[in-house]
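Asker: Below are the structure tokens for one structure; questions will follow.
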Amino acid sequence: VSTIRKARLQVPVEMSVQVLPAIFPQGDDRLLSQTLLKVDQARSGIDFCGETLVLCVSTVFALYEAVVLRKPLTERVVTIAGDAVNQAKNLRVRIGTPISWILEECGGLKYMPDRIVVGGPLTGHTIIDPDTPVTKRTRAILALGAAEVHHVRSLPCVRCGICVRICPAGLQPLTLAKLVGKGELERARSEDIDLCSECGLCSFACPSRVPLVQIIREGKARVNSRNTENERMTPWPSQVC
């Protein structure tokens with residue numbers, strides 16, 4: 001092992017630091033690669049996974065612990081916030097811990113929250129059961145009060161085009177939502193529904209408050225489940241070249 005480490009240290013590593021503006025959702029792997037490499041990999045036919053590897057800081061640290069310290073990923077740093085929480089904190093939480101336990105660790109709740117969101121305010125999803133466990137993808141838990149949640153009624157689309165102009169992936173969110181609503185999943189896939197990063201900008205900017213990202217997220221899940229089911233039903237060839 002020491003010989004391998006010495007050999008690795010002798011290899012020169014070219015590194016450069018590039019500071020980008022803090023624009024949401026700049027942290028998305030596809031958008032980050034597109035900004036740095038000046039190439040839209042998803043639309044140019046380049047193998048995205050083969051050209052770049054985007055790792056966040058927590059992933060790099062988890063790799064270090066796994067390779068160097070031989071420690072499996074069992075913990076996750078989670079941000080707990082929201083008006084209904086007595087004490088907002090950043091906690092190192094074990095994967096599988098019920099969210100209700102984490103809220104108790106923050107001093108409990110001031111009152112019954114109007115909504116508990118797992119994830120960010122734009123990209124997160126609402127949970128019903130407070131005993132939902134923390135997963136490796138849990139980054140934040142928001143216990144939001146009524147004043148922090150805007151309950152508005154969805155209105156018919158006015159075809160303003162804001163969702164199209166604001167989409168960082170260059171998609172047509174309204175078209176995708178309509179295709180999902182009609183059950184035309186193959187057409188939704190042909191319209192690159194998988195390129196949606198679920199950033200939530202379309203829903204946030206929509207003046208009619210159409211829940212576009214929720215519909216598209218459900219459509220992506222249905223498309224992926226159908227693809228998985230087709231793979232299971234497809235027989236293996238008798239000979240593999």
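All residue names refer to the structure tokens as shown: chains lettered A, B, ... in order, residues numbered from 1 in each chain, ligands numbered from 1 in order.
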So which residues touch Pro72 (chain A) within 10 Å, counting only C-alpha atoms, skipping near sequence neighbours fewer than 4 positions away, as an NGL selection string?
Answerer: :A and (62-63 or 65-67)
Asker: Pull C-alpha atoms from the residues just selected and write them as an mmCIF file, in the first residue's frame.
Answerer:
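Here's the written file part03.cif:
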data_model
loop_
_atom_site.group_PDB
_atom_site.id
_atom_site.type_symbol
_atom_site.label_atom_id
_atom_site.label_comp_id
_atom_site.auth_asym_id
_atom_site.auth_seq_id
_atom_site.Cartn_x
_atom_site.Cartn_y
_atom_site.Cartn_z
ATOM 1 C CA ALA A 62 -17.739 9.871 2.176
ATOM 2 C CA LEU A 63 -15.327 8.405 -0.390
ATOM 3 C CA GLU A 65 -13.913 7.705 4.833
ATOM 4 C CA ALA A 66 -14.767 4.596 2.821
ATOM 5 C CA VAL A 67 -11.358 4.175 1.156
#
Asker: Would you compute the distance between CA of Cys202 (chain A) and CA of Arg165 (chain A)? Give it in Å to one decimal.
Answerer: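 Interatomic distance, CA of Cys202 (chain A) to CA of Arg165 (chain A): 9.1 Å.
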Asker: Name the residues in contact with region 119-124 of chain A at a cut-off of 12 Å, using only C-alpha atoms, excluding same-chain residues fewer than 5 positions from it; report them as a PyMOL selection string.
Answerer: chain A and resi 24-25+28+78-82+134-144+148-150+196-205+211-214+217
Asker: Quick one: write out the picked residues with N, CA, C and O atoms as a CSV table (one decimal), in the first residue's frame?
Answerer:
chain,number,residue,atom,x,y,z
A,24,PHE,N,-29.1,29.8,-8.6
A,24,PHE,CA,-29.9,28.5,-8.5
A,24,PHE,C,-30.4,28.2,-9.9
A,24,PHE,O,-30.9,29.1,-10.6
A,25,PRO,N,-30.3,26.9,-10.3
A,25,PRO,CA,-29.7,25.7,-9.6
A,25,PRO,C,-28.3,25.4,-10.2
A,25,PRO,O,-28.2,24.4,-10.9
A,28,ASP,N,-26.5,21.8,-10.0
A,28,ASP,CA,-26.9,20.6,-10.7
A,28,ASP,C,-25.8,20.1,-11.6
A,28,ASP,O,-25.1,20.9,-12.2
A,78,VAL,N,-27.6,17.0,8.4
A,78,VAL,CA,-28.9,17.5,8.0
A,78,VAL,C,-29.2,18.8,8.7
A,78,VAL,O,-28.9,19.1,9.9
A,79,THR,N,-29.8,19.7,7.9
A,79,THR,CA,-30.2,21.0,8.4
A,79,THR,C,-31.6,21.0,8.8
A,79,THR,O,-32.5,20.6,8.0
A,80,ILE,N,-31.9,21.4,10.0
A,80,ILE,CA,-33.3,21.4,10.5
A,80,ILE,C,-33.7,22.9,10.8
A,80,ILE,O,-33.0,23.6,11.5
A,81,ALA,N,-34.8,23.3,10.1
A,81,ALA,CA,-35.2,24.7,10.2
A,81,ALA,C,-36.7,24.8,10.1
A,81,ALA,O,-37.4,23.8,10.0
A,82,GLY,N,-37.2,26.0,10.1
A,82,GLY,CA,-38.6,26.3,10.0
A,82,GLY,C,-39.1,26.9,11.2
A,82,GLY,O,-38.6,26.8,12.3
A,134,VAL,N,-34.5,9.1,7.8
A,134,VAL,CA,-33.6,9.8,7.1
A,134,VAL,C,-32.8,8.9,6.1
A,134,VAL,O,-32.5,7.7,6.5
A,135,THR,N,-32.6,9.3,4.9
A,135,THR,CA,-31.9,8.5,3.9
A,135,THR,C,-30.6,9.2,3.6
A,135,THR,O,-30.3,10.3,4.1
A,136,LYS,N,-29.8,8.6,2.8
A,136,LYS,CA,-28.5,9.2,2.4
A,136,LYS,C,-28.7,10.5,1.6
A,136,LYS,O,-27.8,11.3,1.4
A,137,ARG,N,-29.9,10.7,1.0
A,137,ARG,CA,-30.2,11.9,0.2
A,137,ARG,C,-30.8,13.0,1.0
A,137,ARG,O,-31.1,14.1,0.5
A,138,THR,N,-31.1,12.8,2.3
A,138,THR,CA,-31.8,13.8,3.1
A,138,THR,C,-30.8,14.9,3.5
A,138,THR,O,-29.8,14.6,4.2
A,139,ARG,N,-31.0,16.1,3.1
A,139,ARG,CA,-30.1,17.2,3.3
A,139,ARG,C,-30.7,18.2,4.3
A,139,ARG,O,-30.0,18.9,5.0
A,140,ALA,N,-32.0,18.3,4.3
A,140,ALA,CA,-32.7,19.3,5.2
A,140,ALA,C,-34.1,18.8,5.5
A,140,ALA,O,-34.7,18.0,4.8
A,141,ILE,N,-34.5,19.3,6.7
A,141,ILE,CA,-35.9,19.0,7.2
A,141,ILE,C,-36.5,20.4,7.6
A,141,ILE,O,-35.9,21.0,8.5
A,142,LEU,N,-37.6,20.7,7.0
A,142,LEU,CA,-38.2,22.0,7.2
A,142,LEU,C,-39.6,21.8,7.8
A,142,LEU,O,-40.5,21.2,7.2
A,143,ALA,N,-39.8,22.3,9.1
A,143,ALA,CA,-41.1,22.2,9.7
A,143,ALA,C,-41.7,23.6,9.6
A,143,ALA,O,-41.4,24.6,10.3
A,144,LEU,N,-42.5,23.8,8.6
A,144,LEU,CA,-43.0,25.1,8.2
A,144,LEU,C,-44.4,25.4,8.9
A,144,LEU,O,-45.3,24.5,8.9
A,148,GLU,N,-45.5,30.4,6.6
A,148,GLU,CA,-44.5,30.1,5.6
A,148,GLU,C,-45.0,29.3,4.4
A,148,GLU,O,-44.2,29.1,3.5
A,149,VAL,N,-46.2,28.9,4.5
A,149,VAL,CA,-46.8,28.0,3.4
A,149,VAL,C,-47.9,28.8,2.8
A,149,VAL,O,-48.8,29.3,3.5
A,150,HIS,N,-47.8,29.0,1.5
A,150,HIS,CA,-48.8,29.8,0.8
A,150,HIS,C,-49.8,28.8,0.1
A,150,HIS,O,-49.4,28.1,-0.9
A,196,CYS,N,-35.1,16.9,-16.9
A,196,CYS,CA,-35.6,17.8,-15.8
A,196,CYS,C,-34.9,17.5,-14.5
A,196,CYS,O,-34.9,16.3,-14.0
A,197,SER,N,-34.3,18.5,-13.9
A,197,SER,CA,-33.6,18.3,-12.6
A,197,SER,C,-34.5,18.5,-11.4
A,197,SER,O,-34.0,18.5,-10.3
A,198,GLU,N,-35.8,18.8,-11.7
A,198,GLU,CA,-36.8,19.0,-10.6
A,198,GLU,C,-36.3,20.2,-9.7
A,198,GLU,O,-36.5,20.1,-8.5
A,199,CYS,N,-35.8,21.2,-10.3
A,199,CYS,CA,-35.4,22.4,-9.5
A,199,CYS,C,-36.5,23.2,-8.9
A,199,CYS,O,-36.4,23.9,-7.9
A,200,GLY,N,-37.7,23.1,-9.5
A,200,GLY,CA,-38.9,23.8,-9.0
A,200,GLY,C,-39.1,25.2,-9.4
A,200,GLY,O,-40.0,25.9,-9.0
A,201,LEU,N,-38.2,25.7,-10.3
A,201,LEU,CA,-38.3,27.1,-10.8
A,201,LEU,C,-39.6,27.3,-11.5
A,201,LEU,O,-40.3,28.4,-11.4
A,202,CYS,N,-40.0,26.3,-12.3
A,202,CYS,CA,-41.3,26.5,-13.1
A,202,CYS,C,-42.5,26.7,-12.3
A,202,CYS,O,-43.3,27.6,-12.5
A,203,SER,N,-42.6,25.9,-11.2
A,203,SER,CA,-43.7,26.0,-10.3
A,203,SER,C,-43.7,27.3,-9.5
A,203,SER,O,-44.7,27.9,-9.3
A,204,PHE,N,-42.5,27.7,-9.1
A,204,PHE,CA,-42.3,28.9,-8.3
A,204,PHE,C,-42.7,30.1,-9.1
A,204,PHE,O,-43.3,31.1,-8.6
A,205,ALA,N,-42.4,30.1,-10.4
A,205,ALA,CA,-42.6,31.3,-11.3
A,205,ALA,C,-43.9,31.3,-12.0
A,205,ALA,O,-44.3,32.4,-12.5
A,211,PRO,N,-48.9,23.2,-10.4
A,211,PRO,CA,-47.8,22.4,-9.8
A,211,PRO,C,-47.0,21.6,-10.8
A,211,PRO,O,-47.1,20.4,-10.9
A,212,LEU,N,-46.3,22.3,-11.7
A,212,LEU,CA,-45.6,21.7,-12.8
A,212,LEU,C,-44.6,20.7,-12.3
A,212,LEU,O,-44.5,19.6,-12.9
A,213,VAL,N,-43.7,21.1,-11.4
A,213,VAL,CA,-42.6,20.2,-11.0
A,213,VAL,C,-43.2,18.9,-10.3
A,213,VAL,O,-42.6,17.8,-10.5
A,214,GLN,N,-44.3,19.0,-9.6
A,214,GLN,CA,-44.8,17.8,-9.0
A,214,GLN,C,-45.4,16.8,-10.0
A,214,GLN,O,-45.2,15.6,-9.9
A,217,ARG,N,-42.3,15.4,-11.9
A,217,ARG,CA,-41.6,14.4,-11.0
A,217,ARG,C,-42.4,13.1,-11.0
A,217,ARG,O,-41.8,12.0,-11.1
Asker: Residues near region 184-192 of chain A, anyone? I mean within 9 Å using only C-alpha atoms, not counting same-chain ones fewer than 3 positions away, as a list in words.
Answerer: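 These residues fall inside the cut-off: Leu171, Gln172, Thr175, Leu176, Ala177, Lys178, Leu179, Val180, Gly181, Leu195, Cys196, Gly219, Lys220, Arg222 and Val223 of chain A.
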Asker: May I ask for the distance between CA of Asn224 (chain A) and CA of Ile193 (chain A), given in Å to one decimal place?
Answerer: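 Straight-line distance from CA of Asn224 (chain A) to CA of Ile193 (chain A) works out to 10.5 Å.
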Asker: In Å, with one decimal, what is the gap from CA of Lys110 (chain A) to CA of Val85 (chain A)?
Answerer: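 These atoms are spaced 6.0 Å apart.
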Asker: Please extract the residues of region 21-225 of chain A with a backbone DSSP assignment of helix (DSSP H, G or I) and present them as number ranges by chain.
Answerer: A: 29-37, 41-44, 48-51, 57-67, 99-105, 146-148, 162-166, 173-182, 185-190, 193-195, 201-205, 212-225
Asker: Calculated over only C-alpha atoms, which of the candidates A:Ser208, A:Thr132, A:Ser225, A:Thr35 has the smallest distance to Ser154 (chain A)?
Answerer: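 Nearest to Ser154 (chain A): A:Ser208.
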Asker: Mind the document's chain letters and residue numbers, and return as an NGL selection string the residues of region 96-155 of chain A that DSSP labels strand (DSSP E or B).
Answerer: :A and (98 or 109 or 115-118 or 125-127 or 133 or 140-144)
Asker: Any chance you can output those residues with N, CA, C and O atoms as a PDB file, in the first residue's frame?
Answerer:
ATOM      1  N   PRO A  98     -35.653   8.220  12.588  1.00  0.00           N
ATOM      2  CA  PRO A  98     -36.946   8.851  12.298  1.00  0.00           C
ATOM      3  C   PRO A  98     -36.852  10.371  12.425  1.00  0.00           C
ATOM      4  O   PRO A  98     -36.160  10.897  13.300  1.00  0.00           O
ATOM      5  N   LEU A 109     -41.260  20.840  18.858  1.00  0.00           N
ATOM      6  CA  LEU A 109     -41.984  21.780  18.007  1.00  0.00           C
ATOM      7  C   LEU A 109     -42.736  22.804  18.847  1.00  0.00           C
ATOM      8  O   LEU A 109     -43.253  22.487  19.925  1.00  0.00           O
ATOM      9  N   ARG A 115     -46.723  22.009   7.456  1.00  0.00           N
ATOM     10  CA  ARG A 115     -46.142  21.087   6.477  1.00  0.00           C
ATOM     11  C   ARG A 115     -44.720  20.749   6.905  1.00  0.00           C
ATOM     12  O   ARG A 115     -43.983  21.625   7.353  1.00  0.00           O
ATOM     13  N   ILE A 116     -44.339  19.487   6.761  1.00  0.00           N
ATOM     14  CA  ILE A 116     -42.957  19.058   6.982  1.00  0.00           C
ATOM     15  C   ILE A 116     -42.368  18.694   5.625  1.00  0.00           C
ATOM     16  O   ILE A 116     -42.868  17.798   4.943  1.00  0.00           O
ATOM     17  N   VAL A 117     -41.333  19.409   5.248  1.00  0.00           N
ATOM     18  CA  VAL A 117     -40.718  19.239   3.941  1.00  0.00           C
ATOM     19  C   VAL A 117     -39.338  18.628   4.129  1.00  0.00           C
ATOM     20  O   VAL A 117     -38.540  19.117   4.944  1.00  0.00           O
ATOM     21  N   VAL A 118     -39.053  17.585   3.378  1.00  0.00           N
ATOM     22  CA  VAL A 118     -37.727  16.972   3.361  1.00  0.00           C
ATOM     23  C   VAL A 118     -37.014  17.474   2.115  1.00  0.00           C
ATOM     24  O   VAL A 118     -37.445  17.205   0.993  1.00  0.00           O
ATOM     25  N   HIS A 125     -39.874  17.663  -0.832  1.00  0.00           N
ATOM     26  CA  HIS A 125     -41.188  17.057  -0.944  1.00  0.00           C
ATOM     27  C   HIS A 125     -41.794  16.936   0.450  1.00  0.00           C
ATOM     28  O   HIS A 125     -41.091  16.769   1.449  1.00  0.00           O
ATOM     29  N   THR A 126     -43.108  17.027   0.501  1.00  0.00           N
ATOM     30  CA  THR A 126     -43.828  16.979   1.764  1.00  0.00           C
ATOM     31  C   THR A 126     -44.009  15.531   2.234  1.00  0.00           C
ATOM     32  O   THR A 126     -44.274  14.645   1.424  1.00  0.00           O
ATOM     33  N   ILE A 127     -43.849  15.317   3.516  1.00  0.00           N
ATOM     34  CA  ILE A 127     -44.088  14.001   4.101  1.00  0.00           C
ATOM     35  C   ILE A 127     -45.289  14.096   5.038  1.00  0.00           C
ATOM     36  O   ILE A 127     -45.591  15.156   5.588  1.00  0.00           O
ATOM     37  N   PRO A 133     -37.965   7.821   7.894  1.00  0.00           N
ATOM     38  CA  PRO A 133     -36.536   7.781   8.233  1.00  0.00           C
ATOM     39  C   PRO A 133     -35.690   8.671   7.338  1.00  0.00           C
ATOM     40  O   PRO A 133     -36.062   9.002   6.209  1.00  0.00           O
ATOM     41  N   ALA A 140     -32.039  18.326   4.307  1.00  0.00           N
ATOM     42  CA  ALA A 140     -32.691  19.322   5.151  1.00  0.00           C
ATOM     43  C   ALA A 140     -34.072  18.820   5.549  1.00  0.00           C
ATOM     44  O   ALA A 140     -34.705  18.035   4.832  1.00  0.00           O
ATOM     45  N   ILE A 141     -34.536  19.287   6.711  1.00  0.00           N
ATOM     46  CA  ILE A 141     -35.883  19.020   7.196  1.00  0.00           C
ATOM     47  C   ILE A 141     -36.480  20.358   7.606  1.00  0.00           C
ATOM     48  O   ILE A 141     -35.936  21.049   8.472  1.00  0.00           O
ATOM     49  N   LEU A 142     -37.578  20.737   6.982  1.00  0.00           N
ATOM     50  CA  LEU A 142     -38.209  22.027   7.232  1.00  0.00           C
ATOM     51  C   LEU A 142     -39.581  21.807   7.845  1.00  0.00           C
ATOM     52  O   LEU A 142     -40.456  21.212   7.218  1.00  0.00           O
ATOM     53  N   ALA A 143     -39.768  22.279   9.076  1.00  0.00           N
ATOM     54  CA  ALA A 143     -41.072  22.247   9.736  1.00  0.00           C
ATOM     55  C   ALA A 143     -41.689  23.630   9.575  1.00  0.00           C
ATOM     56  O   ALA A 143     -41.374  24.559  10.327  1.00  0.00           O
ATOM     57  N   LEU A 144     -42.533  23.778   8.592  1.00  0.00           N
ATOM     58  CA  LEU A 144     -43.036  25.093   8.192  1.00  0.00           C
ATOM     59  C   LEU A 144     -44.374  25.391   8.851  1.00  0.00           C
ATOM     60  O   LEU A 144     -45.257  24.528   8.933  1.00  0.00           O
TER      61      LEU A 144
END
Asker: Considering only C-alpha atoms, can you say which of A:Ala88, A:Asp29, A:Leu73, A:Ile95 comes closest to Thr52 (chain A)?
Answerer: A:Asp29
